Amino acid sequence: MNLDFTEDEELIRSISRDFLEKEFPKELVKQLEDDPKGYSPEVWNKMAGLGWMGLMIPEEYGGFDGSFMQLVILLEEMGRACTTGPFFSTTLGTLAILDAGSQEQKADLLPKIAQGELILALALTEPIARYDAAGVTIEAKSEGDDYILNGTKLFVHDAQAADYLLCTVRTDSSSAPENGISFFMADTKSAGISITPLTTMSYDHQNEVVFENVRVPKANMLGELNQGWPVVEKLLEKAAVAKCAEMNGGADWVVATSVDYAKERIQYGKPIGSYQAIQHYLADMWTNAELSKRITYYAAWKIDQRLPCTMEASIIKTWVSDTYNHTSRMGVQIHGALGTTRDHDMGLYYQRARQAWPLFGDPDFHREKVAQEMGL
Amino acid sequence: MNLDFTEDEELIRSISRDFLEKEFPKELVKQLEDDPKGYSPEVWNKMAGLGWMGLMIPEEYGGFDGSFMQLVILLEEMGRACTTGPFFSTTLGTLAILDAGSQEQKADLLPKIAQGELILALALTEPIARYDAAGVTIEAKSEGDDYILNGTKLFVHDAQAADYLLCTVRTDSSSAPENGISFFMADTKSAGISITPLTTMSYDHQNEVVFENVRVPKANMLGELNQGWPVVEKLLEKAAVAKCAEMNGGADWVVATSVDYAKERIQYGKPIGSYQAIQHYLADMWTNAELSKRITYYAAWKIDQRLPCTMEASIIKTWVSDTYNHTSRMGVQIHGALGTTRDHDMGLYYQRARQAWPLFGDPDFHREKVAQEMGL
Amino acid sequence: MDFSLTPEQEALRQEFEEYFTEKEKQAPEGWFTAKVDYCYEHDEAWEFHRTIGKELGKKGWLSLPWPKELGGQGFGQIEQMIFQEVRAYHRIPGFDPGPVVAAAGVLERGTDEQKKKWLPLIASGESTWCEGWSEPDSGSDLASITATTGVLDGDDWVISGQKVWTTGAHRCSHIILLARTDPTAPKHKGITYFLTPMDVPGIEVRPILRMYRGHSFNEVFFDGFRIPKENIIGEANQGWYVLMAGMDFERTGVSFVAETRRDFDELIEFIKEHGYDGRSPAEIAVVRHKLAQCQIELEIWRQWAYYVASLQSKGAHVPGEASSVKRVGSELMVGVSQVGLEILGMYGPLQNSSKWARLRGAFEYACQHDLGMTIAGGTTEVQKNIIAWMGLELPRK
Amino acid sequence: MDFSLTPEQEALRQEFEEYFTEKEKQAPEGWFTAKVDYCYEHDEAWEFHRTIGKELGKKGWLSLPWPKELGGQGFGQIEQMIFQEVRAYHRIPGFDPGPVVAAAGVLERGTDEQKKKWLPLIASGESTWCEGWSEPDSGSDLASITATTGVLDGDDWVISGQKVWTTGAHRCSHIILLARTDPTAPKHKGITYFLTPMDVPGIEVRPILRMYRGHSFNEVFFDGFRIPKENIIGEANQGWYVLMAGMDFERTGVSFVAETRRDFDELIEFIKEHGYDGRSPAEIAVVRHKLAQCQIELEIWRQWAYYVASLQSKGAHVPGEASSVKRVGSELMVGVSQVGLEILGMYGPLQNSSKWARLRGAFEYACQHDLGMTIAGGTTEVQKNIIAWMGLELPRK
């Protein structure tokens with residue numbers, strides 16, 4: 001047992017923190033809120049230059065063959081910096097391709113992804129808005145070398161920027177929900193796809209994606225016909241852990257910023273951080289945020305060890321969602337009126353905390369999964 | 001709208017508070033914990049002399065024709081004094097007789113109750129330990145002028161002291177659970193009844209009551225055959241409100257005692273009540289306890305007005321159970337090690353808070369009822 | 001104890017109910033909240049707010065609890081609560097700090113002339129009022145203000161300096177202004193309380209955007225802004241006590257919670273109709289119980305608020321109770337807005353402008369807006385201090 | 001980062017696992033907890049505790065993290081945690097403050113002679129240790145003790161006065177005693193730290209019953225109680241710093257939480273087997289979710305506790321982290337015990353002696369006993385202060 005970061009891990013943290021502080025100031029974050037693309041190609045290319053899009057990609061495809069732990073560290077820094085853009089979607093999509101893609105698909109796509117030339121989006125949810133197999137209803141019919149897709153995907157992050165949508169579809173309605181799902185990569189330029197942006201609390205570039213007789217070549221199937229769900233399940237687990245890493249970085253920022261403010265802000269003749277109420281708030285916020293990080297690293301380690309981590313993924317998505325939400329709310333409270341404004345960045349974190357709550361399953365969804373894992 | 005107490009209500013409060021301070025010191029409370037009868041006949045008779053057992057009984061039967069609001073005030077004082085004894089069971093039993101008893105039953109029983117000569121116990125729950133109609137499984141078979149009862153009632157408060165058990169039994173197993181229940185008064189001296197005490201956290205004199213071919217005369221039925229459940233449902237509502245009144249008195253004591261202690265106890269050179277953490281604990285405890293009382297009075301008023309109060313009864317049993325439990329736990333915390341001992345009375349209140357939690361439905365049971373009342 | 005409304009109160013409630021039901025139909029399209037911040041944030045909302053405000057003035061409903069001889073309706077706090085509850089439940093604006101805060105100062109400490117001057121103006125709904133209180137270094141510790149100063153020059157006080165978080169300053173015609181007028185006195189004893197119109201030279205209002213981009217807050221800068229000395233309420237340098245005299249009333253906050261109640265009721269209807277994640281509400285005990293808990297807390301708060309209003313009706317000074325109503329109500333608003341957002345799941349964070357938004361994005365707005373409720377008018381922490389110090393008489397040191 | 005145990009650690013865990021599994025079979029009938037308080041409260045439990053204690057001593061397991069040259073096994077905090085976790089999960093007693101607290105003082109500040117004298121005695125399991133710390137006016141503010149004084153008389157210190165809440169004083173052979181030896185010095189600088197046997201004249205132990213009637217607490221009175229001066233650890237009047245040197249270790253509390261984990265696991269098995277209110281666990285989402293939340297918090301706490309132990313293994317001084325482990329763990333114990341009691345419903349409050357008791361009344365006991373966990377060894381509030389002051393460096397004033 002060695003719970004220190006390795007040198008490589010430390011390096012990733014320090015490089016990414018420095019880079020993001022310099023290249024991803026809050027002005028850029030706010031500016032991108034209303035950007036139709038939702039990201040800065042300039043910064044994206046620099047990130048690619050640092051090898052971030054290739055972090056999880058094997059060396060043979062031009063990547064760095066990194067660990068999930070390294071990804072967690074990088075995402076933590078992104079969460080701390082409050083970045084926006086399709087890195088998360090692209091990287092999680094990459095994991096799906098690594099998991100289920102054919103040799104041809106890997107050889108074709110991974111090098112481009114590693115170069116930052118290909119952006120992916122995950123189109124998993126629909127108007128029914130649930131993350132289980134029954135939530136996939138969009139219909140795909142076989143016709144020659146293609147499948148024809150009809151239906152609506154909703155809450156699709158980064159579709160506006162993506163080259164491909166990784167899309168769950170129902171290819172067999174007659175069997176159990178989890179046995180009739182296939183996983184496709186749909187080119188966003190295909191005829192019949194219409195992408196409409198949704199404006200959310202955190203301007204995180206979600207979209208409605210309507211498929212109207214969209215032809216997707218069979219060659220674009222990820223994995224086997226009707227066998228898509230296990231791939232998606234694994235992806236959802238990793239996505240939950242990855243999202244938690246992002247949230248942890250945000251919570252860290254909230255705690256550090258609130259501690260600093262409490263030391264500086266004077267009311268009734270002394271720093272508000274000298275009041276026991278504020279001290280105890282901060283003690284709890286710090287504690288919960290620290291706990292969040294440790295359990296997330298544990299899950300990341302399990303993923304890297306290829307140990308099952310269904311229970312851990314659900315544990316952390318529950319705990320971290322609760323923690324980030326509560327912590328950022330208290331961060332606003334400690335900052336008083338200032339915290340409720342756009343002049344201060346605390347609101348950005350609060351919005352992200354609320355936004356991340358339902359993603360890849362909200363705490364109730366995951367408590368239910370924990371109960372199932374416990375055999376209840 | 002006049003939310004002041006009437007003069008009568010004020011009088012009941014002050015008389016009962018004075019009486020209980022004098023006649024029901026904590027030494028008696030502790031002494032009765034191990035008393036096989038579970039009450040002091042001497043104090044019981046004095047309470048009868050004050051008319052308490054007759055409070056809810058019409059004047060024609062020798063009672064005072066009091067309001068439920070008055071009962072709530074009296075029970076609040078009993079809760080504050082941490083009394084034990086069969087007053088609660090007897091009074092709630094009285095309400096059932098008033099509600100469903102025949103003229104003969106009323107004429108026979110009520111005067112004796114008002115005199116303090118008759119003690120009742122409610123035998124509603126069984127090993128399945130639930131308060132809905134499906135929880136009544138004890139079987140009663142008609143035979144001549146009697147019913148023959150077989151089965152076990154559990155968690156029967158005060159059975160050891162009671163003359164009669166007010167007992168839900170199943171007289172028809174073929175229809176829906178709520179349509180086959182009758183409500184009997186079983187003489188505790190009947191052959192075949194065996195009463196075994198259960199020792200609980202708060203020594204509140206619960207019992208297992210086993211019925212083995214116990215004959216109960218048909219004349220002892222309260223209300224109609226198979227029509228017992230609506231009577232019990234109404235009784236449970238009132239019992240929940242009454243129990244909340246008792247808890248509110250306890251919570252009041254906890255808050256007042258903790259505030260006093262916080263003013264006196266010096267640590268680090270100043271009273272612990274000058275620390276903001278303790279101040280905020282106490283502010284919350286006080287607030288929640290005050291809220292508890294006002295909503296309980298509201299429910300009592302609705303009962304007196306014969307307005308439906310199913311929603312209110314469930315609202316208060318949820319809120320007050322949570323409040324009393326949390327408040328008494330924090331009362332212990334504020335008192336430090338002293339609060340965890342038998343030398344201090346705080347533990348008695350904590351034990352009662354925990355004990356009252358499941359009685360007449362725990363918060364989850366009642367949240368479910370609230371949801372039903374909301375039409376969810 | 002009697003919880004029933006008098007026949008007169010019932011009739012009044014009925015009158016309010018009918019009027020505000022009718023007004024609700026006239027609200028602008030997509031209308032989902034009457035929070036006064038929202039009215040400051042949107043032109044169309046502001047217009048509706050003003051139209052209603054003047055109507056309320058004509059009906060005499062802005063002065064319900066004022067004495068009749070001063071142009072009020074002579075009702076008590078209970079009637080005022082009923083009014084606010086019904087108004088807010090129907091999401092009708094038209095009410096600002098004027099009839100409560102500005103009027104309280106005048107009613108409690110104003111001269112006869114001031115009463116004649118200000119009360120009819122406030123009651124008519126023709127004026128709109130913002131509160132010039134907080135400063136950059138003085139939030140919770142309001143009595144420490146020093147950034148805004150007043151110096152007597154002839155018959156006028158000349159105001160210089162700055163206020164911040166001044167809600168609605170860009171819209172309102174008048175301001176209640178606290179200024180440091182004696183820098184040498186102890187902090188509570190050098191503040192003066194002014195009522196003044198804002199259409200006077202020497203004032204500049206700069207917007208501060210809320211986290212959700214709404215423009216309700218402002219910085220207000222004064223440079224040679226003149227206030228005639230007859231606009232002081234109470235004595236010069238006694239302004240802190242004028243402010244305190246009117247504070248208990250503002251803390252009830254029933255209108256805010258009534259809006260939350262409305263959002264919640266619509267959520268319940270929505271869930272009943274549309275279910276949750278494709279399941280019926282009967283299938284989802286966890287969601288049922290969360291909603292039940294909100295219901296429980298809303299009901300309990302309401303009984304408490306009425307009780308405290310009844311105490312205040314009788315003139316009781318109950319700072320602990322008043323603070324607890326504010327504290328519990330504001331925390332409840334935050335709590336319900338968060339539960340609402342959470343129960344709407346992926347849909348929760350969609351803004352009103354998104355075609356897939358649910359309940360017009362009411363919870364998306366509320367769960368950001370309402371964070372200010374536990375801060376403005378005394379933070380939760382300050383309210384707990386007041387309960388501890390004044391209600392429970394715990395030692396301050 | 002590597003969360004796996006080393007092969008040596010795995011082997012050690014296995015060894016502990018086998019031994020304690022075996023010992024569990026030898027526990028007295030009806031055994032449901034190994035909390036040290038329980039061992040002080042019951043004769044039969046005390047006997048089991050002593051038998052095990054001596055066995056652990058023989059195996060060298062009371063001195064796992066001490067240096068080998070001082071008779072220890074030379075392991076680190078991780079191995080100690082594994083030991084405590086396995087031991088407590090199997091509800092095996094045999095461990096008291098001796099090997100941790102008394103030993104820490106000697107290891108950190110003892111002379112060579114003292115090490116030779118005390119460490120073998122502690123490691124053997126032949127001695128049992130209580131902590132003579134709190135006094136009637138000194139609880140959280142332990143450094144303020146004045147009720148117990150020591151005066152040098154020849155080669156002995158003569159102790160007078162009183163201690164309170166002395167857990168196990170009626171059972172233990174030895175006491176770690178803090179006494180005020182310089183009443184004129186600043187409060188932290190006039191305290192002396194003694195180790196001493198209790199079978200000496202001049203000491204009287206009077207019981208204090210817990211709310212559940214258990215006798216684990218005592219008052220201890222001293223009148224002419226003599227301690228040879230070589231029994232001082234560290235210097236005279238430097239006792240506070242000796243105490244502090246050993247504090248971080250005690251705060252981990254893994255053994256307590258491991259017992260809670262065991263209670264919880266048995267509850268889960270019980271619910272799986274018997275259902276809840278006649279319903280299967282699958283039917284009762286609300287109960288499922290409560291149990292899941294406990295599971296979540298237990299797992300998260302555990303990872304945190306191992307992490308903090310790993311920091312301490314490397315000699316890091318991490319008061320904020322150490323305090324948070326204690327605080328979160330103790331609150332978790334209270335929380336789980338309450339959830340357990342609640343889920344058992346009407347059965348929850350039945351005492352072990354009742355024939356209808358569930359899980360041997362483990363939750364009835366725990367939900368009263370564990371209230372002491374958030375008080376003893378530094379209250380939750382004191383821990384939060386430490387996190388704020390030492391961890392976050394917030395200003396104390």
# chains A, B, ... in the order shown; residues from 1 in each chain; ligands from 1
call {"tool": "residues_around", "arguments": {"residues": "B:Gly151", "least_positions_apart": "6", "cutoff": "7 Å", "atoms": "only C-alpha atoms", "output": "PyMOL selection string"}}
result
chain B and resi 138-139+210-212
call {"tool": "write_last_selection", "arguments": {"atoms": "N, CA and C atoms", "output": "compact mmCIF listing (two decimals), in the first residue's frame"}}
result
# COMPACT_ATOMS: atom_id res chain seq x y z
N ILE B 138 -54.09 -11.75 14.46
CA ILE B 138 -54.55 -12.58 15.56
C ILE B 138 -56.00 -12.96 15.27
N GLU B 139 -56.29 -14.22 15.50
CA GLU B 139 -57.53 -14.78 14.99
C GLU B 139 -58.60 -14.88 16.07
N VAL B 210 -49.77 -13.16 25.01
CA VAL B 210 -50.14 -14.35 24.23
C VAL B 210 -51.57 -14.76 24.60
N PHE B 211 -52.36 -14.94 23.56
CA PHE B 211 -53.74 -15.40 23.73
C PHE B 211 -53.80 -16.87 23.35
N GLU B 212 -54.23 -17.67 24.30
CA GLU B 212 -54.39 -19.09 23.98
C GLU B 212 -55.82 -19.49 24.30
call {"tool": "interface_residues", "arguments": {"of": "chain B", "to": "chain C", "cutoff": "7 Å", "atoms": "only C-alpha atoms", "output": "PyMOL selection string"}}
result
chain B and resi 1-6+263+273-274+279-280+282-283+287+291+294-295+298+315+367-368+370-371+376
call {"tool": "write_last_selection", "arguments": {"atoms": "C-alpha atoms", "output": "mmCIF file, in the first residue's frame"}}
result
data_model
loop_
_atom_site.group_PDB
_atom_site.id
_atom_site.type_symbol
_atom_site.label_atom_id
_atom_site.label_comp_id
_atom_site.auth_asym_id
_atom_site.auth_seq_id
_atom_site.Cartn_x
_atom_site.Cartn_y
_atom_site.Cartn_z
ATOM 1 C CA MET B 1 -57.644 33.415 14.675
ATOM 2 C CA ASN B 2 -56.482 33.567 18.242
ATOM 3 C CA LEU B 3 -53.384 31.559 18.852
ATOM 4 C CA ASP B 4 -53.189 32.282 22.577
ATOM 5 C CA PHE B 5 -54.104 29.678 25.117
ATOM 6 C CA THR B 6 -57.490 30.171 26.727
ATOM 7 C CA LYS B 263 -24.898 29.387 30.431
ATOM 8 C CA GLY B 273 -23.066 28.902 25.553
ATOM 9 C CA SER B 274 -20.907 31.766 24.345
ATOM 10 C CA GLN B 279 -25.339 28.846 20.163
ATOM 11 C CA HIS B 280 -26.317 27.651 16.735
ATOM 12 C CA LEU B 282 -29.364 25.653 20.604
ATOM 13 C CA ALA B 283 -30.948 28.085 18.169
ATOM 14 C CA THR B 287 -36.635 26.576 16.711
ATOM 15 C CA LEU B 291 -42.295 24.588 15.417
ATOM 16 C CA ARG B 294 -47.371 24.990 17.021
ATOM 17 C CA ILE B 295 -48.127 22.316 14.442
ATOM 18 C CA TYR B 298 -52.982 22.980 15.045
ATOM 19 C CA ILE B 315 -46.841 15.653 9.330
ATOM 20 C CA ARG B 367 -44.027 10.325 5.089
ATOM 21 C CA GLU B 368 -45.651 7.623 3.012
ATOM 22 C CA VAL B 370 -48.331 12.274 3.604
ATOM 23 C CA ALA B 371 -47.427 11.275 0.052
ATOM 24 C CA LEU B 376 -48.869 10.881 -5.086
#
call {"tool": "interface_residues", "arguments": {"of": "chain B", "to": "chain A", "cutoff": "8 Å", "atoms": "only C-alpha atoms", "output": "PDB file with C-alpha atoms, in the first residue's frame"}}
result
ATOM      1  CA  TYR B 275     -19.410  29.562  21.607  1.00  0.00           C
ATOM      2  CA  GLN B 276     -21.114  30.041  18.297  1.00  0.00           C
ATOM      3  CA  ALA B 277     -21.265  26.320  17.593  1.00  0.00           C
ATOM      4  CA  HIS B 280     -26.317  27.651  16.735  1.00  0.00           C
TER       5      HIS B 280
END
call {"tool": "select_by_dssp", "arguments": {"residues": "stretch 143-269 of chain A", "states": "strand (DSSP E)", "output": "ChimeraX atom specification"}}
result
/A:143,146-153,164-170,181-187,193-198,206-217,266-267
call {"tool": "residues_around", "arguments": {"residues": "C:Asn218", "least_positions_apart": "4", "cutoff": "9 Å", "atoms": "only C-alpha atoms", "output": "VMD selection string"}}
result
chain C and resid 163 to 170 205 to 209
call {"tool": "residues_around", "arguments": {"residues": "C:Gly239", "least_positions_apart": "5", "cutoff": "6 Å", "atoms": "only C-alpha atoms", "output": "NGL selection string"}}
result
:C and (191-193)
call {"tool": "residues_around", "arguments": {"residues": "D:Gly278", "least_positions_apart": "4", "cutoff": "10 Å", "atoms": "only C-alpha atoms", "output": "ChimeraX atom specification"}}
result
/B:127-130,134-135 /D:274
call {"tool": "write_last_selection", "arguments": {"atoms": "all heavy atoms", "output": "mmCIF file, in the first residue's frame"}}
result
data_model
loop_
_atom_site.group_PDB
_atom_site.id
_atom_site.type_symbol
_atom_site.label_atom_id
_atom_site.label_comp_id
_atom_site.auth_asym_id
_atom_site.auth_seq_id
_atom_site.Cartn_x
_atom_site.Cartn_y
_atom_site.Cartn_z
ATOM 1 N N PRO B 127 -46.173 -9.422 16.205
ATOM 2 C CA PRO B 127 -44.778 -9.609 15.796
ATOM 3 C C PRO B 127 -44.451 -9.024 14.425
ATOM 4 O O PRO B 127 -43.312 -8.631 14.175
ATOM 5 C CB PRO B 127 -44.609 -11.131 15.826
ATOM 6 C CG PRO B 127 -45.529 -11.557 16.934
ATOM 7 C CD PRO B 127 -46.733 -10.655 16.803
ATOM 8 N N ILE B 128 -45.421 -8.892 13.551
ATOM 9 C CA ILE B 128 -45.126 -8.310 12.238
ATOM 10 C C ILE B 128 -44.866 -6.806 12.355
ATOM 11 O O ILE B 128 -44.273 -6.193 11.461
ATOM 12 C CB ILE B 128 -46.251 -8.621 11.224
ATOM 13 C CG1 ILE B 128 -45.749 -8.392 9.795
ATOM 14 C CG2 ILE B 128 -47.491 -7.805 11.503
ATOM 15 C CD1 ILE B 128 -46.724 -8.824 8.724
ATOM 16 N N ALA B 129 -45.292 -6.222 13.487
ATOM 17 C CA ALA B 129 -44.824 -4.885 13.885
ATOM 18 C C ALA B 129 -45.158 -3.791 12.883
ATOM 19 O O ALA B 129 -44.318 -2.978 12.538
ATOM 20 C CB ALA B 129 -43.310 -4.905 14.149
ATOM 21 N N ARG B 130 -46.377 -3.789 12.388
ATOM 22 C CA ARG B 130 -46.763 -2.677 11.531
ATOM 23 C C ARG B 130 -48.143 -2.170 11.923
ATOM 24 O O ARG B 130 -48.942 -2.887 12.512
ATOM 25 C CB ARG B 130 -46.693 -3.072 10.064
ATOM 26 C CG ARG B 130 -47.410 -4.359 9.723
ATOM 27 C CD ARG B 130 -46.922 -4.942 8.425
ATOM 28 N NE ARG B 130 -47.576 -4.317 7.288
ATOM 29 C CZ ARG B 130 -47.394 -4.717 6.020
ATOM 30 N NH1 ARG B 130 -46.559 -5.689 5.731
ATOM 31 N NH2 ARG B 130 -48.032 -4.118 5.045
ATOM 32 N N ALA B 134 -53.027 -4.781 7.515
ATOM 33 C CA ALA B 134 -52.414 -6.087 7.255
ATOM 34 C C ALA B 134 -51.618 -6.584 8.452
ATOM 35 O O ALA B 134 -51.273 -7.764 8.542
ATOM 36 C CB ALA B 134 -51.507 -6.010 6.024
ATOM 37 N N GLY B 135 -51.339 -5.701 9.375
ATOM 38 C CA GLY B 135 -50.585 -6.088 10.561
ATOM 39 C C GLY B 135 -51.424 -6.786 11.611
ATOM 40 O O GLY B 135 -50.883 -7.230 12.635
ATOM 41 N N HIS D 274 -35.068 -11.697 7.014
ATOM 42 C CA HIS D 274 -36.377 -11.550 7.653
ATOM 43 C C HIS D 274 -37.246 -10.460 7.049
ATOM 44 O O HIS D 274 -38.409 -10.330 7.413
ATOM 45 C CB HIS D 274 -36.196 -11.252 9.145
ATOM 46 C CG HIS D 274 -35.485 -12.325 9.881
ATOM 47 N ND1 HIS D 274 -36.133 -13.466 10.307
ATOM 48 C CD2 HIS D 274 -34.203 -12.474 10.248
ATOM 49 C CE1 HIS D 274 -35.254 -14.262 10.919
ATOM 50 N NE2 HIS D 274 -34.071 -13.682 10.890
#
call {"tool": "residues_around", "arguments": {"residues": "A:Glu178", "least_positions_apart": "6", "cutoff": "10 Å", "atoms": "only C-alpha atoms", "output": "list in words"}}
result
Asp132, Ala133, Ala134, Gly135, Val136, Arg170, Asp172, Asn226, Gln227, Gly228, Trp229, Pro230 and Glu233 of chain A
call {"tool": "closest_residue", "arguments": {"among": "C:Gly150, C:Gly335, C:Gly94, C:Gly345", "to": "C:Pro183", "atoms": "only C-alpha atoms"}}
result
C:Gly150
call {"tool": "closest_residue", "arguments": {"among": "C:Met346, C:Leu332, C:Leu341, C:Ala179", "to": "C:Thr374", "atoms": "only C-alpha atoms"}}
result
C:Leu332
call {"tool": "select_by_dssp", "arguments": {"residues": "stretch 77-118 of chain B", "states": "helix (DSSP H, G or I)", "output": "CSV table (one decimal) with C-alpha atoms, in the first residue's frame"}}
result
chain,number,residue,atom,x,y,z
B,77,GLU,CA,-46.5,18.5,30.7
B,78,MET,CA,-46.2,14.7,31.3
B,79,GLY,CA,-43.6,14.6,28.6
B,80,ARG,CA,-41.7,17.4,30.2
B,81,ALA,CA,-41.8,15.6,33.5
B,87,PHE,CA,-52.3,7.3,31.6
B,88,PHE,CA,-51.6,7.5,27.9
B,89,SER,CA,-52.9,4.0,27.2
B,90,THR,CA,-55.9,4.5,29.4
B,91,THR,CA,-56.8,7.9,27.9
B,92,LEU,CA,-56.4,6.7,24.3
B,93,GLY,CA,-58.4,3.6,25.1
B,94,THR,CA,-61.1,6.0,26.5
B,95,LEU,CA,-61.2,7.9,23.2
B,96,ALA,CA,-61.8,4.6,21.4
B,97,ILE,CA,-64.7,3.7,23.8
B,98,LEU,CA,-66.1,7.2,23.3
B,99,ASP,CA,-65.9,6.8,19.6
B,100,ALA,CA,-67.1,3.3,19.2
B,103,GLN,CA,-74.3,3.1,25.5
B,104,GLU,CA,-74.0,0.2,27.9
B,105,GLN,CA,-70.2,0.0,27.5
B,106,LYS,CA,-69.9,3.7,28.1
B,107,ALA,CA,-72.2,3.7,31.1
B,108,ASP,CA,-70.3,0.8,32.5
B,109,LEU,CA,-66.7,1.8,31.9
B,110,LEU,CA,-66.4,5.5,31.6
B,111,PRO,CA,-67.3,6.4,35.2
B,112,LYS,CA,-64.8,3.8,36.5
B,113,ILE,CA,-62.1,5.2,34.2
B,114,ALA,CA,-62.9,8.7,35.3
B,115,GLN,CA,-62.5,7.6,38.9
